[in-house]
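Below is run_21.csv, holding CSV, C-alpha atoms and all ligand atoms.
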chain,number,residue,atom,x,y,z
A,1,MET,CA,0.4,3.0,19.9
A,2,CYS,CA,-2.0,0.3,20.5
A,3,ARG,CA,-3.0,-2.4,18.1
A,4,HIS,CA,-6.4,-3.9,17.7
A,5,GLN,CA,-8.3,-6.5,15.7
A,6,VAL,CA,-11.9,-7.5,15.0
A,7,TYR,CA,-13.0,-10.9,13.7
A,8,LEU,CA,-16.4,-11.8,12.2
A,9,GLY,CA,-16.9,-15.3,10.9
A,10,PRO,CA,-17.5,-18.9,11.9
A,11,PRO,CA,-16.5,-19.8,15.5
A,12,ALA,CA,-12.8,-19.7,15.9
A,13,SER,CA,-10.6,-20.1,19.0
A,14,LEU,CA,-9.1,-17.0,20.6
A,15,ALA,CA,-5.8,-18.7,20.3
A,16,ALA,CA,-6.2,-19.2,16.5
A,17,LEU,CA,-7.1,-15.6,16.1
A,18,LEU,CA,-4.7,-13.8,18.4
A,19,ILE,CA,-1.8,-16.1,19.5
A,20,ASP,CA,-1.1,-18.6,16.7
A,21,PRO,CA,-0.8,-16.2,13.6
A,22,PRO,CA,2.9,-15.4,13.0
A,23,TYR,CA,2.3,-11.7,13.4
A,24,GLY,CA,-0.8,-11.9,15.5
A,25,LEU,CA,-1.8,-9.5,18.3
A,26,HIS,CA,0.2,-11.5,20.8
A,27,ARG,CA,3.4,-10.9,18.8
A,28,GLN,CA,2.4,-7.4,17.9
A,29,SER,CA,2.5,-6.6,21.6
A,30,TRP,CA,6.3,-6.9,21.5
A,31,ALA,CA,7.2,-6.8,17.8
A,32,PRO,CA,4.7,-4.8,15.9
A,33,ARG,CA,5.6,-4.3,12.2
A,34,ASP,CA,3.9,-0.9,11.6
A,35,MET,CA,4.0,1.6,14.4
A,36,ARG,CA,3.9,4.6,12.2
A,37,GLY,CA,2.4,6.7,15.0
A,38,GLY,CA,5.4,6.1,17.3
A,39,GLY,CA,5.9,3.8,20.3
A,40,THR,CA,7.7,0.5,20.3
A,41,VAL,CA,5.9,-2.1,22.3
A,42,ASN,CA,2.3,-2.6,23.4
A,43,ALA,CA,2.9,-3.7,27.0
A,44,ASP,CA,0.5,-1.7,29.1
A,45,GLY,CA,-2.3,-4.2,29.1
A,46,PHE,CA,-4.7,-5.9,26.8
A,47,GLY,CA,-8.3,-6.8,26.4
A,48,ILE,CA,-10.3,-9.4,24.5
A,49,GLY,CA,-14.0,-9.2,24.0
A,50,TRP,CA,-16.0,-12.1,22.4
A,51,TYR,CA,-19.6,-12.8,21.8
A,52,THR,CA,-21.6,-15.5,23.6
A,53,PRO,CA,-25.3,-16.2,23.1
A,54,ASP,CA,-25.8,-13.9,26.1
A,55,GLY,CA,-23.8,-11.1,24.7
A,56,PRO,CA,-20.2,-10.0,24.9
A,57,VAL,CA,-17.7,-11.2,27.5
A,58,ARG,CA,-14.5,-9.4,28.3
A,59,TYR,CA,-11.1,-10.5,29.6
A,60,ARG,CA,-8.8,-7.6,30.4
A,61,ARG,CA,-5.5,-7.2,32.2
A,62,ALA,CA,-3.2,-4.3,32.9
A,63,ALA,CA,-0.1,-6.5,32.3
A,64,PRO,CA,1.5,-7.4,28.9
A,65,ILE,CA,-0.4,-10.0,27.0
A,66,TRP,CA,2.8,-12.2,26.9
A,67,ALA,CA,2.9,-12.2,30.7
A,68,ASP,CA,-0.5,-13.8,31.1
A,69,ALA,CA,0.3,-17.4,31.9
A,70,GLY,CA,-3.3,-18.5,31.6
A,71,LEU,CA,-4.2,-17.0,28.3
A,72,ALA,CA,-3.0,-19.8,26.0
A,73,GLU,CA,-5.2,-22.2,27.8
A,74,LEU,CA,-8.2,-19.9,27.9
A,75,GLY,CA,-7.6,-19.1,24.2
A,76,ARG,CA,-7.6,-22.7,23.1
A,77,ALA,CA,-10.8,-23.4,25.1
A,78,THR,CA,-12.8,-20.4,24.0
A,79,SER,CA,-14.3,-20.0,20.6
A,80,ALA,CA,-16.5,-17.3,19.2
A,81,GLY,CA,-17.9,-16.0,15.9
A,82,ALA,CA,-17.1,-12.4,16.7
A,83,VAL,CA,-14.0,-11.1,18.7
A,84,LEU,CA,-12.6,-7.7,19.3
A,85,ALA,CA,-9.1,-7.6,20.9
A,86,ALA,CA,-6.5,-4.9,21.6
A,87,VAL,CA,-3.0,-4.6,23.1
A,88,ARG,CA,-2.3,-1.2,24.7
A,89,SER,CA,0.6,1.2,24.7
A,90,ALA,CA,-0.6,3.8,27.1
A,91,THR,CA,-0.2,7.4,26.0
A,92,PRO,CA,2.2,9.2,28.3
A,93,GLY,CA,0.4,10.6,31.3
A,94,MET,CA,-2.5,8.2,31.0
A,95,PRO,CA,-3.0,5.5,33.7
A,96,VAL,CA,-2.0,1.9,33.3
A,97,THR,CA,-5.0,0.1,34.6
A,98,GLU,CA,-7.3,-2.7,33.5
A,99,ALA,CA,-10.2,-0.2,33.2
A,100,ALA,CA,-8.2,1.8,30.6
A,101,CYS,CA,-7.8,-1.3,28.3
A,102,ALA,CA,-10.1,-1.8,25.3
A,103,PRO,CA,-12.5,-3.2,24.5
A,104,PHE,CA,-15.0,-0.9,26.2
A,105,THR,CA,-18.5,-2.2,26.2
A,106,ASP,CA,-22.2,-1.4,26.7
A,107,GLY,CA,-24.9,-3.8,26.0
A,108,ARG,CA,-24.0,-5.6,22.7
A,109,TRP,CA,-21.3,-3.1,21.7
A,110,LEU,CA,-17.6,-3.5,21.9
A,111,PHE,CA,-15.3,-0.6,21.1
A,112,SER,CA,-11.6,0.1,20.8
A,113,HIS,CA,-9.4,3.2,20.0
A,114,ASN,CA,-5.9,3.1,18.6
A,115,GLY,CA,-4.3,6.5,18.7
A,116,VAL,CA,-4.4,9.7,20.8
A,117,VAL,CA,-6.5,12.8,21.2
A,118,SER,CA,-4.0,15.7,20.7
A,119,GLY,CA,-3.9,18.4,23.3
A,120,TRP,CA,-5.7,16.1,25.8
A,121,PRO,CA,-7.6,17.0,27.9
A,122,GLY,CA,-8.1,20.7,27.2
A,123,SER,CA,-8.7,20.3,23.5
A,124,VAL,CA,-11.8,18.2,23.9
A,125,ALA,CA,-13.1,19.7,27.1
A,126,GLY,CA,-15.8,21.5,25.2
A,127,LEU,CA,-16.9,18.3,23.5
A,128,ALA,CA,-16.9,16.4,26.8
A,129,ALA,CA,-19.1,19.1,28.3
A,130,THR,CA,-21.9,18.2,25.8
A,131,LEU,CA,-22.2,14.7,27.4
A,132,PRO,CA,-24.5,14.1,30.3
A,133,VAL,CA,-22.7,14.6,33.6
A,134,THR,CA,-23.4,11.0,34.7
A,135,ASP,CA,-21.6,9.8,31.6
A,136,LEU,CA,-18.5,11.7,32.7
A,137,LEU,CA,-18.8,10.6,36.3
A,138,THR,CA,-18.9,7.0,35.2
A,139,LEU,CA,-16.0,7.1,32.6
A,140,GLU,CA,-14.1,3.8,33.0
A,141,ALA,CA,-10.8,5.6,33.1
A,142,PRO,CA,-9.5,9.2,32.8
A,143,THR,CA,-8.2,8.6,29.2
A,144,ASP,CA,-8.9,9.8,25.8
A,145,SER,CA,-10.1,6.4,24.7
A,146,ALA,CA,-12.7,6.2,27.5
A,147,LEU,CA,-14.0,9.6,26.6
A,148,LEU,CA,-14.2,8.7,22.9
A,149,TRP,CA,-16.2,5.6,23.9
A,150,ALA,CA,-18.5,7.8,26.1
A,151,MET,CA,-19.1,10.0,23.1
A,152,VAL,CA,-19.8,7.1,20.7
A,153,ARG,CA,-22.0,5.3,23.2
A,154,HIS,CA,-24.1,8.5,23.8
A,155,ARG,CA,-24.6,9.0,20.1
A,156,LEU,CA,-25.4,5.3,19.5
A,157,HIS,CA,-28.4,5.8,21.8
A,158,ARG,CA,-29.9,8.4,19.5
A,159,ASP,CA,-28.6,7.6,16.0
A,160,ALA,CA,-29.5,4.4,14.2
A,161,ASP,CA,-26.4,4.3,12.0
A,162,PRO,CA,-23.2,3.3,13.8
A,163,GLY,CA,-21.1,4.3,10.8
A,164,ALA,CA,-22.5,7.8,11.0
A,165,VAL,CA,-21.8,7.9,14.7
A,166,LEU,CA,-18.2,7.0,14.3
A,167,ALA,CA,-17.8,9.4,11.4
A,168,GLY,CA,-19.4,12.2,13.4
A,169,VAL,CA,-17.2,11.6,16.5
A,170,VAL,CA,-14.1,11.5,14.3
A,171,ALA,CA,-15.1,14.8,12.6
A,172,ASP,CA,-15.9,16.6,15.8
A,173,VAL,CA,-12.7,15.4,17.6
A,174,LEU,CA,-10.5,16.4,14.5
A,175,GLU,CA,-12.1,19.8,14.5
A,176,ALA,CA,-11.3,20.3,18.2
A,177,ALA,CA,-8.0,18.5,18.2
A,178,PRO,CA,-6.7,18.3,14.5
A,179,ARG,CA,-3.6,16.3,15.1
A,180,SER,CA,-5.4,13.4,16.8
A,181,ARG,CA,-5.0,9.8,15.7
A,182,LEU,CA,-8.4,8.2,15.7
A,183,ASN,CA,-8.4,4.5,14.6
A,184,LEU,CA,-11.7,3.5,16.1
A,185,VAL,CA,-13.3,0.0,16.0
A,186,LEU,CA,-16.9,-0.7,16.9
A,187,THR,CA,-18.8,-4.0,16.6
A,188,ASP,CA,-22.1,-5.5,17.7
A,189,GLY,CA,-21.0,-9.0,16.9
A,190,GLU,CA,-22.6,-9.1,13.5
A,191,ARG,CA,-21.1,-6.1,11.8
A,192,ALA,CA,-18.0,-3.9,12.4
A,193,TRP,CA,-17.1,-0.3,11.7
A,194,ALA,CA,-13.5,0.8,11.8
A,195,SER,CA,-11.9,4.2,11.0
A,196,ALA,CA,-8.4,4.8,9.8
A,197,VAL,CA,-7.2,8.2,10.9
A,198,GLY,CA,-3.4,8.5,11.5
A,199,HIS,CA,-2.6,4.8,12.0
A,200,SER,CA,-2.3,1.7,9.9
A,201,LEU,CA,-5.4,-0.5,9.3
A,202,SER,CA,-5.9,-3.6,7.0
A,203,VAL,CA,-8.7,-5.8,6.0
A,204,LEU,CA,-8.6,-9.6,5.3
A,205,PRO,CA,-11.8,-10.6,3.5
A,206,GLY,CA,-12.3,-14.4,3.2
A,207,PRO,CA,-15.1,-16.7,2.4
A,208,GLY,CA,-17.6,-16.2,5.2
A,209,ARG,CA,-15.2,-14.5,7.5
A,210,LEU,CA,-13.6,-11.1,7.7
A,211,ILE,CA,-10.8,-9.5,9.8
A,212,VAL,CA,-10.0,-5.9,10.3
A,213,ALA,CA,-6.7,-5.3,12.1
A,214,SER,CA,-4.1,-2.6,12.8
A,215,GLU,CA,-1.7,-4.7,10.8
A,216,PRO,CA,-1.8,-8.0,8.9
A,217,PHE,CA,-1.2,-11.0,11.2
A,218,ASP,CA,0.3,-13.1,8.4
A,219,ASP,CA,1.6,-12.8,4.9
A,220,ASP,CA,-1.6,-13.7,3.1
A,221,PRO,CA,-1.6,-11.5,-0.1
A,222,ALA,CA,-5.4,-10.9,0.4
A,223,TRP,CA,-4.8,-8.4,3.2
A,224,ALA,CA,-5.8,-5.0,1.8
A,225,PRO,CA,-4.5,-1.8,3.4
A,226,VAL,CA,-7.1,0.8,4.3
A,227,PRO,CA,-6.2,4.3,3.1
A,228,ASP,CA,-6.1,7.0,5.7
A,229,ARG,CA,-9.4,8.9,6.4
A,230,ARG,CA,-11.6,6.0,5.5
A,231,LEU,CA,-14.3,4.1,7.3
A,232,VAL,CA,-14.6,0.4,6.9
A,233,VAL,CA,-18.1,-1.0,7.1
A,234,ALA,CA,-18.1,-4.7,7.3
A,235,ASP,CA,-19.9,-7.9,8.0
A,236,ARG,CA,-18.5,-11.4,7.8
A,237,HIS,CA,-19.1,-11.6,4.0
A,238,ALA,CA,-18.0,-8.2,2.6
A,239,TYR,CA,-16.9,-4.7,3.4
A,240,THR,CA,-17.1,-1.2,1.9
A,241,LEU,CA,-14.9,1.8,2.4
A,242,GLU,CA,-16.5,5.2,3.0
A,243,ASP,CA,-14.8,8.6,3.0
A,244,LEU,CA,-14.6,10.3,6.3
A,245,CYS,CA,-15.6,13.4,4.5
A,246,GLY,CA,-16.6,15.5,7.4
A,247,SER,CA,-13.0,15.3,8.7
A,248,THR,CA,-10.8,18.3,8.6
A,249,SER,CA,-7.3,17.6,7.2
A,250,SER,CA,-4.5,18.2,9.6
A,301,LIG,N1,-4.4,7.0,24.0
A,301,LIG,C1,-5.0,5.7,24.3
A,301,LIG,C2,-4.6,5.2,25.7
A,301,LIG,O1,-3.6,5.7,26.3
A,301,LIG,C3,-4.7,4.7,23.2
A,301,LIG,C4,-3.2,4.4,23.2
A,301,LIG,C5,-2.7,3.9,21.9
A,301,LIG,O2,-3.4,3.8,20.9
A,301,LIG,N2,-1.5,3.7,22.0
A,301,LIG,O3,-5.2,4.4,26.2
Would you write out, as structure tokens, the structure that this file holds?
Ligand code: GLN
Amino acid sequence: MCRHQVYLGPPASLAALLIDPPYGLHRQSWAPRDMRGGGTVNADGFGIGWYTPDGPVRYRRAAPIWADAGLAELGRATSAGAVLAAVRSATPGMPVTEAACAPFTDGRWLFSHNGVVSGWPGSVAGLAATLPVTDLLTLEAPTDSALLWAMVRHRLHRDADPGAVLAGVVADVLEAAPRSRLNLVLTDGERAWASAVGHSLSVLPGPGRLIVASEPFDDDPAWAPVPDRRLVVADRHAYTLEDLCGSTSS
């Protein structure tokens, strides 16, 4: 099951955030410490999205993050005040392609999903049918994560509250596919929203910077685990936890 991480804070290098920490995303790709949802390695690609003054930029590859010879150099040379990155372990049956790797994007948004929609694709066919046909025709990949992003993106266009959008998508998908694992992360570069549904999630608050990650990237005692069925709402200074009340228990 994939691992993801969002950073909000003063400009930091991609290497400092993803490669250098002792249990950072780079290491989590081959030695994750908490794969409670199954799987062993996250070797089916990776993606990094970071914010520039012109908006988010993505670097994605379908290969394991450890096999990317140029990443260390790129990571040292590139700094940003907001970063969303993910390493992927493809759900069986789903394609291993760059387009299936998070983060997904639209405008200023970056999005990632760690988990699986149970009963895919039949369980959520009815929900998919509520989307505009063009959204379905332009899905980046035939995967559960890409459909979840299409649902989130569609609702972001009409709902002002991103937290309510994530909570609504989680509730609707759990109703249709109750055994789904839905750790979603969304950021606009200033704030972040992250759900914990079926997978591990932790927050590291720090002075003027905040990280939400599938698992702690070091042994700092300040890492706080997020209980299941909660939504983290964060900016670089603070975060709150909200119940995902609309969710049905599985
Ligand atoms: N189901 C998603 C995919 O295959 C996410 C996989 C995961 O979290 N391991 O892309």
Who sits within 12 Å of Arg236 in chain A, all atoms listed in the file, same chain under 2 positions skipped, as a VMD selection string: chain A and resid 6 to 11 81 to 83 187 189 to 193 203 to 212 233 to 234 238 to 240
Nearby residues, ligand LIG 301 (chain A), 10 Å, only C-alpha atoms and all ligand atoms, as a PyMOL selection string: chain A and resi 1-4+35+37-45+86-97+99-102+112-118+120+141-146+148+180-184+199
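If you look at CA of Tyr23 in chain A and CA of Ala69 in chain A, they are 19.5 Å away from each other.
The interatomic distance for the pair CA of Pro227 in chain A and CA of Phe111 in chain A works out to 20.8 Å.
Summary of the local environment: counting all atoms listed in the file, residues at most 8 Å from range 217-219 of chain A, other than itself and those fewer than 5 positions away along its chain, are Pro21, Pro22, Tyr23, Gly24 and Leu25 of chain A.
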Please produce a file of the residues just selected, as a compact mmCIF listing (two decimals), in the coordinates of the input, where the atoms kept are C-alpha atoms.
# COMPACT_ATOMS: atom_id res chain seq x y z
CA PRO A 21 -0.80 -16.20 13.60
CA PRO A 22 2.90 -15.40 13.00
CA TYR A 23 2.30 -11.70 13.40
CA GLY A 24 -0.80 -11.90 15.50
CA LEU A 25 -1.80 -9.50 18.30
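Closest to Leu136 in chain A among A:Arg153, A:Leu166, A:Pro216, A:Arg61 is A:Arg153, based on all atoms listed in the file.
Put simply, CA of Ala15 in chain A is 24.9 Å away from CA of Val232 in chain A.
Closest approach to Leu84 in chain A among A:Thr138, A:Val124, A:Gly47, A:Trp223: A:Gly47, based on all atoms listed in the file.
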Residues near Ala16 in chain A, cut-off 10 Å, all atoms listed in the file, skip fewer than 6 positions along chain, as number ranges by chain: A: 24, 75-76, 79
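Residue nearest Pro103 in chain A within the list A:Asp188, A:Gly122, A:Arg33, A:Thr52: A:Asp188 [criterion: smallest interatomic distance, all atoms listed in the file].
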Contacts of Val165 in chain A at 10 Å (all atoms listed in the file; same-chain gap of 3+ positions) as a ChimeraX atom specification: /A:151-162,168-171,193
Pick from A:Ala164, A:Leu201, A:Val173, A:Leu241, whichever lies nearest to Pro225 in chain A using all atoms listed in the file: A:Leu201
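The smallest atom-to-atom distance between Ala62 in chain A and any of A:Thr78, A:Arg179, A:Glu98, A:Asp106, using all atoms listed in the file, is found for A:Glu98.
Minimum atom-to-atom distance to Trp50 in chain A, evaluated using only C-alpha atoms, belongs to A:Leu110 out of A:Ala125, A:Val226, A:Leu110, A:Ile65.
Residues lying within 10 Å of (-14.0, 23.8, 17.1). Counted over all atoms listed in the file, they are Ser123, Val124, Gly126, Leu127, Asp172, Val173, Leu174, Glu175, Ala176, Ala177 and Pro178 of chain A.
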